[in-house]
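Enquirer: I am attaching a structure below and will ask some questions about it afterwards.
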Amino acid sequence: MARGAHKVNPVAFRIGVNTTWNSKWYLDKKSYVKNLLSDLKIKKIINDRLKAAGVGNIIIKRVNNKAYIDIYVVRPGMVIGRDGERRDRLKEEIQKTIKQEVEIKVFEIKHPEIVAKIVAETIALQCEKRINPKVAMAKAVEAAKETGLIKGIDIWVSGRIKGAEMARRETLKWGTVPRHSLRADIDYAFVEAQVPGSGKHGIKVWINKGEKSGYSID
């Protein structure tokens, strides 16, 4: 009897091979759950408050009961604000929520066209504006290709596309995206779009940035 496919997150699949965790800390069993929930709260606040800034990644490090948060965004000026006022407000909100001292650093994403989360969110926004998913996908693929920094990109949009009664999937691929090769540096993201009159659309993006043999634990 044939077995069903086992779906594995491409990033999690490569942890310990050529990528590492976004939460970098170690605690015993008693404190682990508390800190895990704290990390989820931090990420929710940042993604909700900084949506317009284009958040690509959030890395959380914990040392001596203090959280160090690195935020990678497309528009850092929208996060920092004049004299750092917006960053300070964000810091205060996070500290009040997790009841722990926080330090925030903001980094600019130089090539948002090849960051899977940014690409998926851009396509989701266009779908919500009722732009044809094929058009949105084609623009994303072309922009990624023009950087000359990737080996391949694969995009799926699933749902009641154009208000159809039955859900279907639109796909667009360029280059090679070897999902089962552990050496491949694959960036992956899944985002949902709430499309007026068509319900939810699911957007998946895989970007192959070439081969990568190791990772940094800093």
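Labels for the structure tokens follow display order: chains A, B, ..., residues from 1 in each chain, ligands from 1.
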Could you list, as a ChimeraX atom specification, every residue within 12 Å of range 15-22 of chain A, counting only C-alpha atoms and ignoring same-chain residues fewer than 6 positions away?
Expert: /A:8-9,36,39-40,43,56-62,68-72,181-187,209-218
Enquirer: Mind checking which residues fall within 7 Å of range 137-154 of chain A, counting only C-alpha atoms, ignoring those fewer than 6 positions away in the same chain, and posting them as a list in words?
Expert: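 My list of contacting residues is Glu113, Ile114, Val119, Ile123, Leu172, Lys173, Trp174, Gly175, Thr176, Val177, Val205, Trp206, Ile207, Asn208, Lys209 and Gly210 of chain A.
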Enquirer: Print the selection's residues with C-alpha atoms to a file, as a compact mmCIF listing (two decimals), in the first residue's frame.
Expert:
```txt
# COMPACT_ATOMS: atom_id res chain seq x y z
CA GLU A 113 13.29 40.00 -3.21
CA ILE A 114 15.02 36.79 -2.05
CA VAL A 119 7.96 37.55 -0.94
CA ILE A 123 1.97 38.19 -2.82
CA LEU A 172 5.15 29.11 -10.69
CA LYS A 173 8.72 27.88 -10.63
CA TRP A 174 12.07 29.05 -11.95
CA GLY A 175 15.40 27.29 -11.64
CA THR A 176 16.03 24.39 -9.27
CA VAL A 177 14.66 23.99 -5.73
CA VAL A 205 7.42 30.21 -1.13
CA TRP A 206 10.66 28.22 -1.45
CA ILE A 207 13.87 30.04 -2.46
CA ASN A 208 17.10 28.17 -3.23
CA LYS A 209 20.15 30.29 -2.43
CA GLY A 210 22.69 27.66 -3.47
```
Enquirer: Output as a VMD selection string all residues of range 25-155 of chain A that backbone DSSP marks as alpha helix (DSSP H).
Expert: chain A and resid 29 to 49 76 to 80 85 to 98 116 to 128 133 to 147
Enquirer: Can you write just those residues out, C-alpha atoms, as a PDB file, in the first residue's frame?
Expert:
```pdb
ATOM      1  CA  LYS A  29      12.468  21.775  31.617  1.00  0.00           C
ATOM      2  CA  LYS A  30      10.814  23.975  34.248  1.00  0.00           C
ATOM      3  CA  SER A  31      11.696  27.241  32.497  1.00  0.00           C
ATOM      4  CA  TYR A  32      11.594  26.037  28.895  1.00  0.00           C
ATOM      5  CA  VAL A  33       7.837  26.372  28.312  1.00  0.00           C
ATOM      6  CA  LYS A  34       7.727  29.837  29.891  1.00  0.00           C
ATOM      7  CA  ASN A  35      10.495  31.125  27.626  1.00  0.00           C
ATOM      8  CA  LEU A  36       9.036  29.451  24.541  1.00  0.00           C
ATOM      9  CA  LEU A  37       5.689  31.195  25.101  1.00  0.00           C
ATOM     10  CA  SER A  38       7.575  34.426  25.785  1.00  0.00           C
ATOM     11  CA  ASP A  39       9.365  34.125  22.411  1.00  0.00           C
ATOM     12  CA  LEU A  40       6.033  33.570  20.634  1.00  0.00           C
ATOM     13  CA  LYS A  41       4.605  36.703  22.294  1.00  0.00           C
ATOM     14  CA  ILE A  42       7.657  38.730  21.239  1.00  0.00           C
ATOM     15  CA  LYS A  43       7.346  37.606  17.617  1.00  0.00           C
ATOM     16  CA  LYS A  44       3.604  38.328  17.536  1.00  0.00           C
ATOM     17  CA  ILE A  45       4.097  41.870  18.867  1.00  0.00           C
ATOM     18  CA  ILE A  46       6.895  42.595  16.382  1.00  0.00           C
ATOM     19  CA  ASN A  47       5.048  41.144  13.374  1.00  0.00           C
ATOM     20  CA  ASP A  48       1.836  43.003  14.271  1.00  0.00           C
ATOM     21  CA  ARG A  49       3.446  46.376  15.061  1.00  0.00           C
ATOM     22  CA  PRO A  76      14.566  50.089   9.306  1.00  0.00           C
ATOM     23  CA  GLY A  77      13.649  53.789   9.552  1.00  0.00           C
ATOM     24  CA  MET A  78      10.033  52.811  10.260  1.00  0.00           C
ATOM     25  CA  VAL A  79      11.196  50.708  13.213  1.00  0.00           C
ATOM     26  CA  ILE A  80      13.704  53.116  14.729  1.00  0.00           C
ATOM     27  CA  GLU A  85      11.564  56.804  19.695  1.00  0.00           C
ATOM     28  CA  ARG A  86       9.641  54.031  17.885  1.00  0.00           C
ATOM     29  CA  ARG A  87      12.194  51.418  18.858  1.00  0.00           C
ATOM     30  CA  ASP A  88      11.980  52.575  22.484  1.00  0.00           C
ATOM     31  CA  ARG A  89       8.171  52.281  22.471  1.00  0.00           C
ATOM     32  CA  LEU A  90       8.425  48.783  21.026  1.00  0.00           C
ATOM     33  CA  LYS A  91      11.013  47.875  23.657  1.00  0.00           C
ATOM     34  CA  GLU A  92       8.755  49.120  26.470  1.00  0.00           C
ATOM     35  CA  GLU A  93       5.763  47.159  25.153  1.00  0.00           C
ATOM     36  CA  ILE A  94       7.762  43.932  24.915  1.00  0.00           C
ATOM     37  CA  GLN A  95       9.286  44.413  28.387  1.00  0.00           C
ATOM     38  CA  LYS A  96       5.843  45.000  29.872  1.00  0.00           C
ATOM     39  CA  THR A  97       4.488  41.871  28.145  1.00  0.00           C
ATOM     40  CA  ILE A  98       7.268  39.405  29.018  1.00  0.00           C
ATOM     41  CA  ALA A 116      10.775  34.002   1.427  1.00  0.00           C
ATOM     42  CA  LYS A 117       8.682  35.644   4.173  1.00  0.00           C
ATOM     43  CA  ILE A 118       8.788  39.057   2.464  1.00  0.00           C
ATOM     44  CA  VAL A 119       7.963  37.546  -0.937  1.00  0.00           C
ATOM     45  CA  ALA A 120       5.021  35.551   0.501  1.00  0.00           C
ATOM     46  CA  GLU A 121       3.637  38.586   2.360  1.00  0.00           C
ATOM     47  CA  THR A 122       3.916  40.753  -0.773  1.00  0.00           C
ATOM     48  CA  ILE A 123       1.968  38.190  -2.823  1.00  0.00           C
ATOM     49  CA  ALA A 124      -0.622  37.860  -0.016  1.00  0.00           C
ATOM     50  CA  LEU A 125      -1.127  41.647   0.014  1.00  0.00           C
ATOM     51  CA  GLN A 126      -1.641  41.681  -3.755  1.00  0.00           C
ATOM     52  CA  CYS A 127      -4.113  38.781  -3.530  1.00  0.00           C
ATOM     53  CA  GLU A 128      -6.071  40.729  -0.895  1.00  0.00           C
ATOM     54  CA  PRO A 133      -2.183  35.470  -8.279  1.00  0.00           C
ATOM     55  CA  LYS A 134      -0.421  34.543 -11.547  1.00  0.00           C
ATOM     56  CA  VAL A 135       0.531  38.184 -12.078  1.00  0.00           C
ATOM     57  CA  ALA A 136       1.716  38.575  -8.471  1.00  0.00           C
ATOM     58  CA  MET A 137       3.770  35.367  -8.680  1.00  0.00           C
ATOM     59  CA  ALA A 138       5.327  36.341 -12.017  1.00  0.00           C
ATOM     60  CA  LYS A 139       6.456  39.719 -10.628  1.00  0.00           C
ATOM     61  CA  ALA A 140       7.982  38.036  -7.555  1.00  0.00           C
ATOM     62  CA  VAL A 141       9.861  35.461  -9.640  1.00  0.00           C
ATOM     63  CA  GLU A 142      11.187  38.100 -12.026  1.00  0.00           C
ATOM     64  CA  ALA A 143      12.363  40.335  -9.159  1.00  0.00           C
ATOM     65  CA  ALA A 144      14.152  37.400  -7.492  1.00  0.00           C
ATOM     66  CA  LYS A 145      15.812  36.350 -10.765  1.00  0.00           C
ATOM     67  CA  GLU A 146      17.102  39.865 -11.431  1.00  0.00           C
ATOM     68  CA  THR A 147      19.147  39.861  -8.200  1.00  0.00           C
TER      69      THR A 147
END
```
Enquirer: Of the candidates A:Ala67, A:Val55, A:Ile104, A:Ile161, which one gets nearest to Lys200 in chain A if we count only C-alpha atoms?
Expert: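 Closest to Lys200 in chain A, using only C-alpha atoms: A:Ile161.
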Enquirer: From a DSSP pass on the backbone, collect the residues of range 42-88 of chain A flagged as strand (DSSP E or B) and hand them back as number ranges by chain.
Expert: A: 55-63, 66-73
Enquirer: Would you put the residues from that selection into a file with C-alpha atoms, as an mmCIF file, in the first residue's frame?
Expert:
```cif
data_model
loop_
_atom_site.group_PDB
_atom_site.id
_atom_site.type_symbol
_atom_site.label_atom_id
_atom_site.label_comp_id
_atom_site.auth_asym_id
_atom_site.auth_seq_id
_atom_site.Cartn_x
_atom_site.Cartn_y
_atom_site.Cartn_z
ATOM 1 C CA VAL A 55 9.871 41.975 8.867
ATOM 2 C CA GLY A 56 12.042 39.256 7.360
ATOM 3 C CA ASN A 57 13.387 37.521 10.448
ATOM 4 C CA ILE A 58 13.485 37.793 14.260
ATOM 5 C CA ILE A 59 16.328 36.283 16.282
ATOM 6 C CA ILE A 60 16.042 36.078 20.070
ATOM 7 C CA LYS A 61 19.011 35.444 22.378
ATOM 8 C CA ARG A 62 18.733 35.194 26.171
ATOM 9 C CA VAL A 63 21.643 35.804 28.539
ATOM 10 C CA LYS A 66 17.873 39.516 29.532
ATOM 11 C CA ALA A 67 16.461 39.120 26.001
ATOM 12 C CA TYR A 68 18.476 40.367 23.037
ATOM 13 C CA ILE A 69 16.285 40.759 19.942
ATOM 14 C CA ASP A 70 17.667 41.189 16.416
ATOM 15 C CA ILE A 71 15.027 42.365 13.927
ATOM 16 C CA TYR A 72 15.726 42.176 10.193
ATOM 17 C CA VAL A 73 13.474 44.510 8.187
#
```
Enquirer: Between CA of Arg160 in chain A and CA of Gly197 in chain A, what distance in Å does the model show, to one decimal?
Expert: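 If I compute the distance from CA of Arg160 in chain A to CA of Gly197 in chain A, I get 9.1 Å.
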Enquirer: Restricting the calculation to only C-alpha atoms, which member of A:His180, A:Arg130, A:Lys110, A:Arg82 is positioned closest to His201 in chain A?
Expert: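 Using only C-alpha atoms, the shortest distance to His201 in chain A belongs to A:Arg130.
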Enquirer: From the list A:Tyr26, A:Phe107, A:Trp156, A:Phe13, which residue is nearest Ala53 in chain A when using only C-alpha atoms?
Expert: A:Phe107
